[in-house]
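Structure first, then comments.
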2 protein chains.
Amino acid sequence: MIEKEILTPPEHIYPIDEWRVVEKKYSKKFLAQNETIFALGNGYFGMRGAFEEGLPVFQSGTFVNGFYESWPIVYGEEAFGYAKTGQTMLNVTDSRVIKLYVDDEPFVIYKANLVEYERALNMKEGTLDRQLVWETPSGKKVAIRSRRMISFEHRHVATIEYEVTLLDAKAPVVIVSQVNSNSTNQAGEGDPRLAKSFQENVLHPVAHFQTNNRIILVHETRTSMLSLACGIDHSIDSECTANIETSSSEDEGQVVFSIDGEPGKPIRLVKYICYHNSGTAPPKELRDRVDRTLDRAVNHGFDKLLNEQKEYMDKFWYRSDVQLEVANPRAQQYLRFNLYHLLQASARAEGVGIPAKGLTGQAYEGHYFWDSEIYVLPFLIYTAPRLAKNLLKYRYSLLDKARQRAREVNQKGALFPWRTINGEEASAYYAAGTAQYHINADIMYAMKKYVDVTGDEEFLYNYGAEMLVETARLWADLGFYLKEDSNKFHIHGVTGPDEYNTVVNNNTYTNLMARENLWYAVETVEALRQKNGELYAALVHDTGLKEGEIEAWQKAADSMYIPFDKEKSIHPQDDNFLNKEVWDFETPL
Amino acid sequence: MIEKEILTPPEHIYPIDEWRVVEKKYSKKFLAQNETIFALGNGYFGMRGAFEEGLPVFQSGTFVNGFYESWPIVYGEEAFGYAKTGQTMLNVTDSRVIKLYVDDEPFVIYKANLVEYERALNMKEGTLDRQLVWETPSGKKVAIRSRRMISFEHRHVATIEYEVTLLDAKAPVVIVSQVNSNSTNQAGEGDPRLAKSFQENVLHPVAHFQTNNRIILVHETRTSMLSLACGIDHSIDSECTANIETSSSEDEGQVVFSIDGEPGKPIRLVKYICYHNSGTAPPKELRDRVDRTLDRAVNHGFDKLLNEQKEYMDKFWYRSDVQLEVANPRAQQYLRFNLYHLLQASARAEGVGIPAKGLTGQAYEGHYFWDSEIYVLPFLIYTAPRLAKNLLKYRYSLLDKARQRAREVNQKGALFPWRTINGEEASAYYAAGTAQYHINADIMYAMKKYVDVTGDEEFLYNYGAEMLVETARLWADLGFYLKEDSNKFHIHGVTGPDEYNTVVNNNTYTNLMARENLWYAVETVEALRQKNGELYAALVHDTGLKEGEIEAWQKAADSMYIPFDKEKSIHPQDDNFLNKEVWDFETPL
C-alpha cells in the first residue's frame, strides 16, 4: 500500500507535545490530512476530525465498522473465479454538526477572525479538544470551547461538549445541533485504493422519531440489507434564557437553541450521540436500543463519561505505552500517535475486523486485509489479548465462507479472502487479490503468536484447530513436489506481499509462512489427539480429517522449497526475482 | 481460442460432396451451427446462413467489416495502461428476409410439410442454393427455389433469386421482401470470446428513401460516428398477374408482391441488396452511392451477376484448390470448405482487417488478432498476393496508433494492439491481451513472407521499413541483457500464444519471433541504405532513426536467449514451463 504524498506539518503550527497532537492555527492546506489525524474512533464507529460547525470540510465522514453496501463487480473481461460482489463501508448518518450564530452571524472557522486558536488530539485522555476566541464582524469577542469524544467504555456513544461565552457584550446566540443522513461517499474513480462512489443515496430512510431534544433516524441499505439507527440528545446549561425547538424529517433533524447571551455567562451544550446497527432487528427495536443507550448517557452526563474515558486511557497507557529512553519528544509524540490510533481502530471491534484505514476514512473501502493479523494483532496480543482473541474469532466466523471460496477456485480446505467485510472475496484484481494466498498463513501466524503468548489452549483447540486443518489442506493442495528439484515442495502462481510482482513461483515469504502453517497444524492436531480425545473426535467429525493428511502436511512442510541464492547468499523474493532487469534510475522516463 | 463443442453432422443429412456442403433435411439441432457454415461473405460484408423466410433463426446476422460501435470499458479494478475503449462489430440492417404466403398461409420451414428439401453451399460457384417442395396445409404443392450470393466482383452487392412455382393448383401468392434495422447484437455475458450486447439500439436512423421497388435506409452510430446505408431493389418475372406495393419508415421497409398464382407458371423474384458505409460521407452521399450500385446491379440482372461470380470462383479454385492425391471425399470437402471460408473472409477486405470469425458471427467482436497475419496471410500470399498486401497496408495504417500505444505503456517504438477494429487496443484483459507482445513480430513475420514470395521491395521500402524500425525498437526496449546469463538478451513478462500461461519470462515463440523481427529490421534498413538513398533519408526523417540503433538490434538479436533444456533436448515453452505441476488427469475434479 503506497500513500499519496503526505504534507509535513510545520512546527510553528504543529508544535511538539508528547501527549497531544496540537494545531495552533487553522490551515486549509492540511484540511483533509487533519480530518484523518484528528479522527476519533473506538473500533465500533469513528468520526473524521471535521469541525463541529460543518465547514470547512473535506469529507464529513462517520463510519460504523462493518456497515457496508454491496454491489456487483463489473469486469472488462470476466474470468473464472473472479470475486463477484464488491463491498463498500458507507459514510453514515452525520451526527456531529453544531452550528453557532452570534448576532445572527454564522461562525465559520475559515472566515472567522480568530484571536486565539488551539485544537488538540488529547491522546492521554482520549478526547479532541478545541478552544478559541472569535472576534465577530461587529467586534464582539466570543470564547468557544469544545471537547469531543467517542467513548471506549460505552461502545455506541459519542459526546460533544460545546461551550460558548460572550466575553465583552451581550448578543443573541443561536446554536443549531443537527443530524443528517445525506452523507456522500468518497469517490475514487480509477484508484482501487480509494472507495466506490454510489450514483444515488444508499441509506434509505425507514423511520424517524422525535421526543423533546432527542431525534432518532433509522435507515437501511437495499442490497446488503443492513439497518442503522443514529440518535442525538442534548442538555443545555446556562444562566442565560434559552428557547429550544426540535424538528425532524426522514433524512435530517435539528434542535435549535435560541439564547439571550450575556457577557461572562457561559452557555454549555452537551450533545449525546448514539449509533446502533443490525442485520436483523426491525426499526422499532433499533430505536429502543438507541433510546436506552441515550438515556444512560444523558443520565451519566458529560463529566462522568469523560472520567470513564480517562480511566480507560490510563489503563491503556499503563499497558501499552512505549517510552523512548533517549529523549526525542517528536518521535515520542509520533509513537504515541500510532499507538493511540491502533487503539481507536481496535478497542471495540467486536465481531468485526479492523479496516485498513481504521475508521478514519473510506480508502480501501473499509476492508479487512492481512494488516489486521500481521500489523495490528501482535500489538494487541501483548497489550490487550482479549481484543486479539475477538479478531481471531471474527476470522473463525468466516471459515465457512473461506471453505466455499476454496471450492469456487477448485481447491481443498479454506481460502480466506484477500479483502472483505462480510467474508466474501471483494478483490476485483486477482493478481493482487486472491493470488495473495499468504493471507491464510498470516492468520495462522497471528493465531500462533496469540496462543504462544497467552497460553489460551481453549481457543486453539475449540476454534484454531479447525482453521489449521483447513488452511493446511489448502497449502498441501496448492503446492506440489517437483521431481526435477529433488522432490522439494513448490508453491507456484502466488503473489507475495510485493504487489508489484504478482503471480510468481515460490515467493519466499509465502513458502516460509506456509511451512509454519503446516507445521503448526500438525503440532496442534497431534497435541489435541493426545490431550483431549473428545475435542479431537469433534474436530475429525467437523473437518472429515483423515489419518494420512497429517503426515502429508508434515512432509510438505519438511520438503518446503525456500529459494536461496548461494552466490549472493541471500533469499531472493521468488524464483525469478534475481533475473529481473535492473531498473534504470539514471535515464529519466 | 477454444470453441464450444461442435455437433458432428450425420451423413444421411449432410452427405459427402466434394464441391458443396449439402443439407438434405432441416434440422433444428444444427440451426445455429448451420447459420455459420452456410454463411456468405466477401470480406466487405457477410450474412449468416439464416433462411430467407426469417424463421427459424438463431441470429439473423449481417456484418459489415469494420463497422462497429465503441464503448467505455469498465474494470472491477483499474490499472495503468489498461485499454479504455471497447469496440464491437455490429449486427447491421437486415436485408435478407423474403416472406412467402400461399393461400394466405405463411411458409415457415420448421412447420412446413416438406416433400423435397435440399440446401447447399455451392463452393464451386459461390452461391447458397435451396430447392424444396412444400405441401401447404390445404394440400397444394409449391416448388420453391432460391439462390443467394454475395458478389466477389461487386464489393457492395448481394442478390437473392427466389422462384415460386405452384405445381398442381392455382392460389393467391404473396411475397414480402423486407429490410429492417432492428437487429439485435449477440450477447455474451461473462464470456470474453463472445460479443457485447448493447442495452439499446445502436443504429440510429438518419434518413430513409423510397422509389418504386427500391428502399434505402441510412443509419449512424453515436459513439464511433460511423454511418451505413442499406438498399434493396427488386425485379419480378412471371406470366401471372402481379400487384406491387412499397412502404417504408425510419427503421424498416417492405415491398409486397401480390400474385394470382397459376400452376406451372413460375414466379421469379430477384432481390438486389447493397451496403455502403462511411466515417465521413453525409446521408445523401451514401444514398447516392447505394443508388448507383443498385442501378448497376439491376441493369446487370441476376444471371450476369451469377456468371461473374462463377468466373471469379473458377479463377479462385484455379489458383487455390488443394486436391488430395489419395481420394478422401469427406476430407476433400472439408478442405475446400476451409479454403472457401478463407476467401469469404478476405476477398474484398480492403482497408480493413480480417475478423477472427470472418463475417460469419459476432464472436470475438469482429476484432482483428494475430490470426490475420499468422493463419490467413500465408494462404493469401501464395494465392492472392494483392489481398495480402491490402492487409499489410491496413496494419501500416495503424502504425501511428501503435506508436501512441507504446507511449501509453511507457515503451519505445510501436506496440500493435492484441485485438482491435480501429487500431486502438480493445483487450480488457492485459495478461491475455497487451501482454501478447508477439503480435508485433507476427505482423513482421507475415510481411517478410509476403516480400520473400512476391519480391515486392516497393512495399517493403515504402511501408515495411518504417514498421520494422518501430517494432525492432519495441523489442530492444522490452528486453534486456542479463548479466547472470552471459549477457544473453532476455524478454520477460510477456504472454505467448498459450493464453493459459500468461505473463511469463522468455516465451520461446516470442523470443524466436522477436529475433526474426530484429534481424529483418537490420537487413532491411541496411539494404535500403545501400540501394535507395532517397527512401533511406525519408525513413530516417520519419522515424528519427539513429546510427547506433541498428547495431543495437543486431546485438539484441544475436544475443537472444532461446530456452533449451539439454537433458530433455527440447525447447520448453518458457523459463518455468518444465517446472510446472503435472496435471492430475487421474483424479476427477
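Following the order of the C-alpha cells, chains are lettered A, B, ..., residues in each are numbered from 1, and ligands are numbered from 1.
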
With the cut-off set at 10 Å and counting only C-alpha atoms, tabulate each residue of range 71-124 of chain B with an atom at most that distance from an atom of range 334-339 of chain B, showing the nearest atom pair and its distance in Å to one decimal, ordered by chain and increasing number, as CSV.
```
residue,atom,partner,partner_atom,distance
B:Leu121,CA,B:Phe337,CA,9.1
B:Asn122,CA,B:Phe337,CA,9.9
B:Met123,CA,B:Phe337,CA,7.3
B:Lys124,CA,B:Arg336,CA,9.2
```

Store the residues picked out above, limited to N, CA, C and O atoms, as an mmCIF file, in the first residue's frame.
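And here's out.cif as it stands now:
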```cif
data_model
loop_
_atom_site.group_PDB
_atom_site.id
_atom_site.type_symbol
_atom_site.label_atom_id
_atom_site.label_comp_id
_atom_site.auth_asym_id
_atom_site.auth_seq_id
_atom_site.Cartn_x
_atom_site.Cartn_y
_atom_site.Cartn_z
ATOM 1 N N LEU B 121 -24.371 -25.172 -49.828
ATOM 2 C CA LEU B 121 -23.379 -24.129 -50.049
ATOM 3 C C LEU B 121 -22.581 -24.564 -51.265
ATOM 4 O O LEU B 121 -21.823 -25.538 -51.213
ATOM 5 N N ASN B 122 -22.790 -23.850 -52.342
ATOM 6 C CA ASN B 122 -22.150 -24.207 -53.606
ATOM 7 C C ASN B 122 -20.794 -23.519 -53.678
ATOM 8 O O ASN B 122 -20.676 -22.362 -54.095
ATOM 9 N N MET B 123 -19.770 -24.265 -53.264
ATOM 10 C CA MET B 123 -18.447 -23.654 -53.154
ATOM 11 C C MET B 123 -17.788 -23.478 -54.510
ATOM 12 O O MET B 123 -16.892 -22.674 -54.675
ATOM 13 N N LYS B 124 -18.258 -24.237 -55.480
ATOM 14 C CA LYS B 124 -17.693 -24.119 -56.826
ATOM 15 C C LYS B 124 -18.122 -22.816 -57.471
ATOM 16 O O LYS B 124 -17.336 -22.155 -58.150
#
```

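Residue-level contacts from chain A to chain B at 7 Å, counting only C-alpha atoms, read Ile73, Val74, Tyr75, Gly76, Glu77, Glu78, Gly190, Asp191, Pro192, Ala428, Tyr429, Phe480, Leu482, Asn579 and Glu581 of chain A.
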
Now that the selection is made, can you save its residues with N, CA, C and O atoms as a PDB file, in the first residue's frame?
```pdb
ATOM      1  N   ILE A  73     -19.632  -6.468  -9.021  1.00  0.00           N
ATOM      2  CA  ILE A  73     -18.401  -6.008  -9.675  1.00  0.00           C
ATOM      3  C   ILE A  73     -18.514  -6.259 -11.177  1.00  0.00           C
ATOM      4  O   ILE A  73     -18.859  -7.359 -11.599  1.00  0.00           O
ATOM      5  N   VAL A  74     -18.250  -5.231 -11.961  1.00  0.00           N
ATOM      6  CA  VAL A  74     -18.270  -5.370 -13.420  1.00  0.00           C
ATOM      7  C   VAL A  74     -16.826  -5.471 -13.916  1.00  0.00           C
ATOM      8  O   VAL A  74     -15.982  -4.681 -13.525  1.00  0.00           O
ATOM      9  N   TYR A  75     -16.560  -6.441 -14.741  1.00  0.00           N
ATOM     10  CA  TYR A  75     -15.209  -6.617 -15.273  1.00  0.00           C
ATOM     11  C   TYR A  75     -15.158  -6.262 -16.745  1.00  0.00           C
ATOM     12  O   TYR A  75     -16.128  -6.472 -17.470  1.00  0.00           O
ATOM     13  N   GLY A  76     -14.024  -5.725 -17.188  1.00  0.00           N
ATOM     14  CA  GLY A  76     -13.817  -5.515 -18.612  1.00  0.00           C
ATOM     15  C   GLY A  76     -13.889  -6.843 -19.333  1.00  0.00           C
ATOM     16  O   GLY A  76     -14.460  -6.962 -20.414  1.00  0.00           O
ATOM     17  N   GLU A  77     -13.296  -7.835 -18.717  1.00  0.00           N
ATOM     18  CA  GLU A  77     -13.345  -9.184 -19.284  1.00  0.00           C
ATOM     19  C   GLU A  77     -13.412 -10.151 -18.117  1.00  0.00           C
ATOM     20  O   GLU A  77     -12.515 -10.175 -17.276  1.00  0.00           O
ATOM     21  N   GLU A  78     -14.459 -10.911 -18.045  1.00  0.00           N
ATOM     22  CA  GLU A  78     -14.629 -11.797 -16.897  1.00  0.00           C
ATOM     23  C   GLU A  78     -13.792 -13.055 -17.010  1.00  0.00           C
ATOM     24  O   GLU A  78     -13.402 -13.458 -18.092  1.00  0.00           O
ATOM     25  N   GLY A 190     -10.981   5.203 -10.618  1.00  0.00           N
ATOM     26  CA  GLY A 190      -9.720   4.779 -11.236  1.00  0.00           C
ATOM     27  C   GLY A 190      -8.634   4.396 -10.241  1.00  0.00           C
ATOM     28  O   GLY A 190      -7.614   3.882 -10.634  1.00  0.00           O
ATOM     29  N   ASP A 191      -8.812   4.642  -8.963  1.00  0.00           N
ATOM     30  CA  ASP A 191      -7.801   4.260  -7.994  1.00  0.00           C
ATOM     31  C   ASP A 191      -8.392   3.206  -7.076  1.00  0.00           C
ATOM     32  O   ASP A 191      -9.245   3.493  -6.251  1.00  0.00           O
ATOM     33  N   PRO A 192      -7.933   1.957  -7.230  1.00  0.00           N
ATOM     34  CA  PRO A 192      -8.542   0.868  -6.471  1.00  0.00           C
ATOM     35  C   PRO A 192      -8.321   0.988  -4.974  1.00  0.00           C
ATOM     36  O   PRO A 192      -8.967   0.291  -4.206  1.00  0.00           O
ATOM     37  N   ALA A 428     -11.257  -7.169  -6.806  1.00  0.00           N
ATOM     38  CA  ALA A 428     -11.599  -7.271  -8.226  1.00  0.00           C
ATOM     39  C   ALA A 428     -10.367  -7.490  -9.084  1.00  0.00           C
ATOM     40  O   ALA A 428     -10.443  -7.483 -10.295  1.00  0.00           O
ATOM     41  N   TYR A 429      -9.217  -7.657  -8.467  1.00  0.00           N
ATOM     42  CA  TYR A 429      -7.992  -7.861  -9.245  1.00  0.00           C
ATOM     43  C   TYR A 429      -7.287  -9.100  -8.700  1.00  0.00           C
ATOM     44  O   TYR A 429      -6.601  -9.049  -7.682  1.00  0.00           O
ATOM     45  N   PHE A 480       3.146 -28.568  -4.801  1.00  0.00           N
ATOM     46  CA  PHE A 480       3.390 -29.899  -5.373  1.00  0.00           C
ATOM     47  C   PHE A 480       4.877 -30.236  -5.250  1.00  0.00           C
ATOM     48  O   PHE A 480       5.717 -29.359  -5.034  1.00  0.00           O
ATOM     49  N   LEU A 482       8.251 -31.176  -6.824  1.00  0.00           N
ATOM     50  CA  LEU A 482       8.889 -31.064  -8.138  1.00  0.00           C
ATOM     51  C   LEU A 482      10.016 -32.091  -8.253  1.00  0.00           C
ATOM     52  O   LEU A 482      11.038 -31.995  -7.576  1.00  0.00           O
ATOM     53  N   ASN A 579      16.536 -12.447 -11.625  1.00  0.00           N
ATOM     54  CA  ASN A 579      16.714 -12.387 -13.078  1.00  0.00           C
ATOM     55  C   ASN A 579      16.062 -11.168 -13.698  1.00  0.00           C
ATOM     56  O   ASN A 579      15.982 -11.048 -14.912  1.00  0.00           O
ATOM     57  N   GLU A 581      15.307  -7.355 -14.927  1.00  0.00           N
ATOM     58  CA  GLU A 581      16.072  -6.236 -15.462  1.00  0.00           C
ATOM     59  C   GLU A 581      16.256  -5.227 -14.335  1.00  0.00           C
ATOM     60  O   GLU A 581      15.320  -4.917 -13.611  1.00  0.00           O
TER      61      GLU A 581
END
```

Please report, as a VMD selection string, each residue of range 196-297 of chain A to which DSSP assigns helix (DSSP H, G or I) when run on this structure's backbone.
chain A and resid 283 to 297

Please provide the set of residues having any atom within 9 Å of Thr88 in chain A, restricted to only C-alpha atoms, with same-chain residues fewer than 2 positions apart removed, written as a ChimeraX atom specification.
/A:67-71,86,90,195-197,362,364-367,421

Writer output for current selection, C-alpha atoms, as a compact mmCIF listing (two decimals), in the first residue's frame:
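Output saved as result_24.txt:
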```txt
# COMPACT_ATOMS: atom_id res chain seq x y z
CA PHE A 67 -21.65 -1.33 7.92
CA TYR A 68 -21.46 -1.57 4.15
CA GLU A 69 -23.38 -1.71 0.95
CA SER A 70 -22.63 -4.37 -1.63
CA TRP A 71 -22.68 -4.08 -5.41
CA GLY A 86 -17.99 -5.52 -4.06
CA LEU A 90 -20.52 3.59 3.99
CA ALA A 195 -13.64 3.79 -2.25
CA LYS A 196 -16.57 3.37 -4.57
CA SER A 197 -18.95 6.24 -5.04
CA GLN A 362 -13.13 5.30 3.19
CA TYR A 364 -9.63 0.63 0.81
CA GLU A 365 -13.43 0.54 1.26
CA GLY A 366 -13.25 -0.27 4.97
CA HIS A 367 -11.99 -3.75 4.04
CA ILE A 421 -16.09 -7.08 5.08
```

Considering only C-alpha atoms, can you say which of A:Lys488, A:Arg287, A:His204, A:Lys389 comes closest to Arg222 in chain A?
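Looking at the shortest contact to Arg222 in chain A, the residue is A:His204.
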
Listing only residues of range 256-373 of chain A within 8 Å of range 174-185 of chain A, what is the closest atom pair and its distance in Å (to one decimal) for each, using only C-alpha atoms, sorted by chain and residue number ascending, as a tab-separated table?
```
residue	atom	partner	partner_atom	distance
A:Val256	CA	A:Val176	CA	4.5
A:Phe257	CA	A:Ile175	CA	5.1
A:Ser258	CA	A:Val174	CA	4.6
A:Ile259	CA	A:Val174	CA	6.0
A:Lys271	CA	A:Ser177	CA	7.8
A:Gln362	CA	A:Asn185	CA	7.8
```

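Computed from the coordinates, the CA of Gly351 in chain A to CA of Thr127 in chain A distance equals 25.0 Å.
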
Just list as number ranges by chain whatever in range 129-214 of chain B DSSP marks as strand (DSSP E or B).
B: 129-135, 141-150, 157-166, 171-180, 204-211, 214

Any idea what's packed within 7 Å of range 433-450 of chain B, counting only C-alpha atoms, ignoring anything in its chain fewer than 6 positions away? Could you give it as a list in words?
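Close residues of range 433-450 of chain B: Trp370, Glu373, Ile374, Leu377, Pro378, Ile381, Leu392, Leu415, Phe416, Pro417, Trp418, Ser427, Leu468, Thr471, Val494, Thr495, Gly496, Val503, Thr510, Met513, Ala514 and Asn517 of chain B.
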
Å distance separating CA of Ile354 in chain B from CA of Gly43 in chain B, one decimal place:
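Going from CA of Ile354 in chain B over to CA of Gly43 in chain B, I get 7.4 Å.
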
Could you pull the residues within 9 Å of range 345-349 of chain A, counting only C-alpha atoms, minus those fewer than 2 positions along the same chain, as number ranges by chain?
A: 41-46, 65, 152-153, 155, 340-343, 351-355, 357-360, 376, 380, 384, 387-388, 390-391

Please measure the separation of CA of Trp475 in chain B and CA of Asp452 in chain B, giving the value in Å to one decimal.
22.6 Å

Could you name the residues that touch Ala472 in chain A at 10 Å or less, counting only C-alpha atoms, but leaving out those on the same chain fewer than 3 positions away, as a ChimeraX atom specification?
/A:412-414,440-441,444,466-469,475-478,514-522,549-550,552-554,556-557

Using only C-alpha atoms, which residues sit within 6 Å of Glu18 in chain A once same-chain residues fewer than 4 positions away are excluded, as a PyMOL selection string?
chain A and resi 329+332-333

How about saving the chosen residues, N, CA and C atoms kept, as a PDB file, in the first residue's frame?
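Saved file result-v9.pdb follows:
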```pdb
ATOM      1  N   PRO A 329      11.251  14.098  21.871  1.00  0.00           N
ATOM      2  CA  PRO A 329       9.822  14.379  22.079  1.00  0.00           C
ATOM      3  C   PRO A 329       8.986  14.216  20.815  1.00  0.00           C
ATOM      4  N   GLN A 332       8.582  10.630  20.246  1.00  0.00           N
ATOM      5  CA  GLN A 332       7.690  10.131  21.294  1.00  0.00           C
ATOM      6  C   GLN A 332       6.228  10.444  20.947  1.00  0.00           C
ATOM      7  N   GLN A 333       6.032  11.673  20.435  1.00  0.00           N
ATOM      8  CA  GLN A 333       4.682  12.076  20.030  1.00  0.00           C
ATOM      9  C   GLN A 333       4.152  11.155  18.922  1.00  0.00           C
TER      10      GLN A 333
END
```
